[in-house]
Amino acid sequence: MNYIEPSIKTRYLYSCILANEYGGKRQNKPLLELTKHMAQEFHDLFYTGVEIMRGSGEPETLFPVVIGLKGDWGGLSKIGTLSRSYTRDTPTKPHGPGICHLCRAGQKSHPWHKVDYDSMMKARQDVEPPWKRPPPLVQYIPMDVTRAAEFFRPDLFHTCHKGVSADACANSIVTLIDFDYYPNGSFPQKLDEIYEEIQAFCKNNQKFLHMLKLTRSAIGYSSSAEYPTGSWFKGADTTVLSLFLEEKYATLLPTCPAELKPYFVEVHRTIRSSNEFLKGLYHADTWLTEAERRHAIESGRCFLNSFKFCAEHAFLQLNLTRWKYQPKYHLFAEVIFLLEKNLHEGVSSLNPLIEATQVDEDFVGKVSRFSLQVSVRTISERTIKKYLLSLASAW
């Protein structure tokens with residue numbers, strides 16, 4: 001899984017360039033040229049390999065095989081020159097060019113929030129490549145070109161911890177305030193009271209919360225007309241909030257008013273299934289056992305279905321702007337769909353966590369801190385030198 005040891009020892013730095021060197025008017029061309037250079041190197045390594053010396057002194061040739069690219073959706077969109085991604089959502093129109101590079105979700109007759117297995121299968125029929133011209137990684141890295149779109153993998157960290165699971169937490173928090181479980185004070189004061197409860201939960205359960213305050217900004221809720229979204233900085237805080245909210249709603253359900261019971265049951269189920277899904281994967285190995293895969297599918301489907309119920313109930317029955325469908329809802333469904341597809345085909349499933357980027361984000365954060373310690377005029381060279389010194393000290 002490559003989650004053990006400091007990230008500086010388990011990840012490689014390939015380059016260091018300023019965003020303004022390839023963004024804006026340059027339209028990512030320097031970035032694509034860089035990935036072309038990297039892809040050509042991987043092409044050569046695939047066919048010629050690299051010779052290493054074993055501890056016994058015997059030489060051995062290794063042939064690296066690149067099986068995919070993982071990263072946040074924005075990064076995949078840039079490097080993959082994707083013509084279908086979350087940026088192509090058309091919320092004011094019934095359909096558009098599509099939001100998913102893996103299928104036709106978002107196009108005519110394929111609403112991207114319809115994520116049942118049959119709908120996902122239909123969305124894969126007659127699907128076009130998600131680019132006008134294959135990106136450098138596809139052009140040069142050896143792969144099955146008929147499945148090239150699958151080379152760009154959904155990242156479970158940004159999809160869950162910084163996506164749908166975080167949104168579920170934000171909506172669950174606002175729901176507690178909606179129904180006067182915190183009746184005293186202004187909205188910020190209510191959030192302060194909830195934050196104090198979270199801190200007490202952390203103390204009792206040996207958890208650590210990075211956020212220093214629970215604010216309107218953190219839950220993406222500037223006014224009652226807004227849909228809450230989890231906007232806190234640290235993805236690890238989503239885990240803590242999810243555990244707190246699962247316990248909180250479990251204590252409220254026995255005394256919940258009858259008219260609220262169906263809604264609160266599904267809110268609790270949404271949070272609980274998110275926790276069960278991620279916990280199951282974190283306790284699994286690189287390849288999922290049959291039981292682990294079925295648990296992941298069941299808890300993942302439960303999350304999607306309960307989130308859907310909450311969204312529809314809040315909008316249609318309560319007239320509240322809650323539980324907004326975001327494109328990452330579909331991307332999470334893609335993770336579950338692949339597990340289901342593997343199950344139907346009778347093949348093994350890799351743990352989706354191998355495609356998550358939390359450790360990679362830690363590595364990027366360390367390199368970023370190196371870059372803040374040097375002059376902008378020599379930032380690339382000096383940052384790489386600091387990285388090499390840090391790597392040497394880690395070994």
# chains A, B, ... in the order shown; residues from 1 in each chain; ligands from 1
>>> residues_around(residues="Ser224 in chain A", least_positions_apart="4", cutoff="10 Å", atoms="only C-alpha atoms", output="compact mmCIF listing (two decimals) with C-alpha atoms, in the first residue's frame")
# COMPACT_ATOMS: atom_id res chain seq x y z
CA VAL A 174 -26.22 22.18 9.92
CA ASP A 178 -31.94 23.30 11.68
CA PRO A 228 -23.35 23.25 3.20
CA LEU A 320 -34.17 23.17 2.69
CA THR A 321 -31.00 23.62 0.64
CA ARG A 322 -29.10 20.64 1.99
>>> residues_around(residues="Met120 in chain A", least_positions_apart="4", cutoff="12 Å", atoms="only C-alpha atoms", output="PyMOL selection string")
chain A and resi 100+102-106+109-116+124-125+127+330-331+333-338+340-341
>>> write_last_selection(atoms="N, CA and C atoms", output="PDB file, in the first residue's frame")
ATOM      1  N   CYS A 100     -17.483  13.106 -16.657  1.00  0.00           N
ATOM      2  CA  CYS A 100     -16.660  11.957 -16.270  1.00  0.00           C
ATOM      3  C   CYS A 100     -15.857  11.442 -17.455  1.00  0.00           C
ATOM      4  N   LEU A 102     -14.508   8.641 -17.636  1.00  0.00           N
ATOM      5  CA  LEU A 102     -14.670   7.196 -17.741  1.00  0.00           C
ATOM      6  C   LEU A 102     -15.963   6.777 -18.427  1.00  0.00           C
ATOM      7  N   CYS A 103     -16.936   7.686 -18.493  1.00  0.00           N
ATOM      8  CA  CYS A 103     -18.232   7.317 -19.053  1.00  0.00           C
ATOM      9  C   CYS A 103     -18.946   8.549 -19.604  1.00  0.00           C
ATOM     10  N   ARG A 104     -20.212   8.404 -19.936  1.00  0.00           N
ATOM     11  CA  ARG A 104     -20.987   9.479 -20.552  1.00  0.00           C
ATOM     12  C   ARG A 104     -21.826  10.249 -19.536  1.00  0.00           C
ATOM     13  N   ALA A 105     -21.530  10.110 -18.279  1.00  0.00           N
ATOM     14  CA  ALA A 105     -22.294  10.798 -17.240  1.00  0.00           C
ATOM     15  C   ALA A 105     -22.317  12.301 -17.492  1.00  0.00           C
ATOM     16  N   GLY A 106     -23.508  12.869 -17.441  1.00  0.00           N
ATOM     17  CA  GLY A 106     -23.675  14.297 -17.687  1.00  0.00           C
ATOM     18  C   GLY A 106     -24.086  14.627 -19.101  1.00  0.00           C
ATOM     19  N   SER A 109     -29.377  11.849 -21.771  1.00  0.00           N
ATOM     20  CA  SER A 109     -29.902  10.545 -21.330  1.00  0.00           C
ATOM     21  C   SER A 109     -29.040   9.873 -20.269  1.00  0.00           C
ATOM     22  N   HIS A 110     -28.014  10.598 -19.764  1.00  0.00           N
ATOM     23  CA  HIS A 110     -27.139  10.005 -18.746  1.00  0.00           C
ATOM     24  C   HIS A 110     -26.888  11.000 -17.610  1.00  0.00           C
ATOM     25  N   PRO A 111     -27.900  11.296 -16.779  1.00  0.00           N
ATOM     26  CA  PRO A 111     -27.695  12.196 -15.632  1.00  0.00           C
ATOM     27  C   PRO A 111     -26.597  11.658 -14.727  1.00  0.00           C
ATOM     28  N   TRP A 112     -25.663  12.529 -14.342  1.00  0.00           N
ATOM     29  CA  TRP A 112     -24.511  12.003 -13.615  1.00  0.00           C
ATOM     30  C   TRP A 112     -24.828  11.612 -12.172  1.00  0.00           C
ATOM     31  N   HIS A 113     -25.988  12.043 -11.649  1.00  0.00           N
ATOM     32  CA  HIS A 113     -26.335  11.640 -10.284  1.00  0.00           C
ATOM     33  C   HIS A 113     -27.071  10.302 -10.250  1.00  0.00           C
ATOM     34  N   LYS A 114     -27.356   9.707 -11.418  1.00  0.00           N
ATOM     35  CA  LYS A 114     -27.919   8.352 -11.459  1.00  0.00           C
ATOM     36  C   LYS A 114     -26.755   7.367 -11.446  1.00  0.00           C
ATOM     37  N   VAL A 115     -26.537   6.751 -10.300  1.00  0.00           N
ATOM     38  CA  VAL A 115     -25.308   5.974 -10.123  1.00  0.00           C
ATOM     39  C   VAL A 115     -25.569   4.510  -9.780  1.00  0.00           C
ATOM     40  N   ASP A 116     -26.786   4.019 -10.023  1.00  0.00           N
ATOM     41  CA  ASP A 116     -27.007   2.590  -9.835  1.00  0.00           C
ATOM     42  C   ASP A 116     -26.192   1.815 -10.873  1.00  0.00           C
ATOM     43  N   ARG A 124     -21.445   3.574 -20.188  1.00  0.00           N
ATOM     44  CA  ARG A 124     -20.189   3.148 -20.796  1.00  0.00           C
ATOM     45  C   ARG A 124     -20.370   2.664 -22.230  1.00  0.00           C
ATOM     46  N   GLN A 125     -21.565   2.670 -22.723  1.00  0.00           N
ATOM     47  CA  GLN A 125     -21.823   2.242 -24.093  1.00  0.00           C
ATOM     48  C   GLN A 125     -21.538   3.390 -25.062  1.00  0.00           C
ATOM     49  N   VAL A 127     -18.966   5.147 -25.556  1.00  0.00           N
ATOM     50  CA  VAL A 127     -18.309   6.305 -24.953  1.00  0.00           C
ATOM     51  C   VAL A 127     -17.092   6.715 -25.782  1.00  0.00           C
ATOM     52  N   HIS A 330     -20.559  11.406  -8.132  1.00  0.00           N
ATOM     53  CA  HIS A 330     -20.445  10.448  -9.240  1.00  0.00           C
ATOM     54  C   HIS A 330     -19.075   9.764  -9.216  1.00  0.00           C
ATOM     55  N   LEU A 331     -18.026  10.522  -8.917  1.00  0.00           N
ATOM     56  CA  LEU A 331     -16.687   9.931  -8.914  1.00  0.00           C
ATOM     57  C   LEU A 331     -16.575   8.860  -7.833  1.00  0.00           C
ATOM     58  N   ALA A 333     -19.041   7.048  -6.872  1.00  0.00           N
ATOM     59  CA  ALA A 333     -19.790   5.923  -7.441  1.00  0.00           C
ATOM     60  C   ALA A 333     -18.937   5.134  -8.428  1.00  0.00           C
ATOM     61  N   GLU A 334     -18.011   5.796  -9.118  1.00  0.00           N
ATOM     62  CA  GLU A 334     -17.107   5.093 -10.038  1.00  0.00           C
ATOM     63  C   GLU A 334     -16.219   4.109  -9.279  1.00  0.00           C
ATOM     64  N   VAL A 335     -15.805   4.488  -8.077  1.00  0.00           N
ATOM     65  CA  VAL A 335     -14.987   3.594  -7.254  1.00  0.00           C
ATOM     66  C   VAL A 335     -15.788   2.348  -6.886  1.00  0.00           C
ATOM     67  N   ILE A 336     -17.031   2.551  -6.473  1.00  0.00           N
ATOM     68  CA  ILE A 336     -17.892   1.425  -6.097  1.00  0.00           C
ATOM     69  C   ILE A 336     -18.222   0.578  -7.322  1.00  0.00           C
ATOM     70  N   PHE A 337     -18.491   1.242  -8.436  1.00  0.00           N
ATOM     71  CA  PHE A 337     -18.843   0.525  -9.664  1.00  0.00           C
ATOM     72  C   PHE A 337     -17.722  -0.416 -10.099  1.00  0.00           C
ATOM     73  N   LEU A 338     -16.480   0.021 -10.007  1.00  0.00           N
ATOM     74  CA  LEU A 338     -15.362  -0.834 -10.409  1.00  0.00           C
ATOM     75  C   LEU A 338     -15.305  -2.087  -9.544  1.00  0.00           C
ATOM     76  N   GLU A 340     -17.856  -3.498  -8.077  1.00  0.00           N
ATOM     77  CA  GLU A 340     -18.992  -4.323  -8.497  1.00  0.00           C
ATOM     78  C   GLU A 340     -18.705  -5.017  -9.824  1.00  0.00           C
ATOM     79  N   LYS A 341     -18.096  -4.295 -10.733  1.00  0.00           N
ATOM     80  CA  LYS A 341     -17.775  -4.856 -12.050  1.00  0.00           C
ATOM     81  C   LYS A 341     -16.771  -6.001 -11.905  1.00  0.00           C
TER      82      LYS A 341
END
>>> residues_around(residues="Glu21 in chain A", least_positions_apart="4", cutoff="9 Å", atoms="only C-alpha atoms", output="NGL selection string")
:A and (17 or 26 or 28 or 30-31)
>>> residues_around(residues="Pro134 in chain A", least_positions_apart="6", cutoff="10 Å", atoms="only C-alpha atoms", output="ChimeraX atom specification")
/A:80-82,140,145,148-149
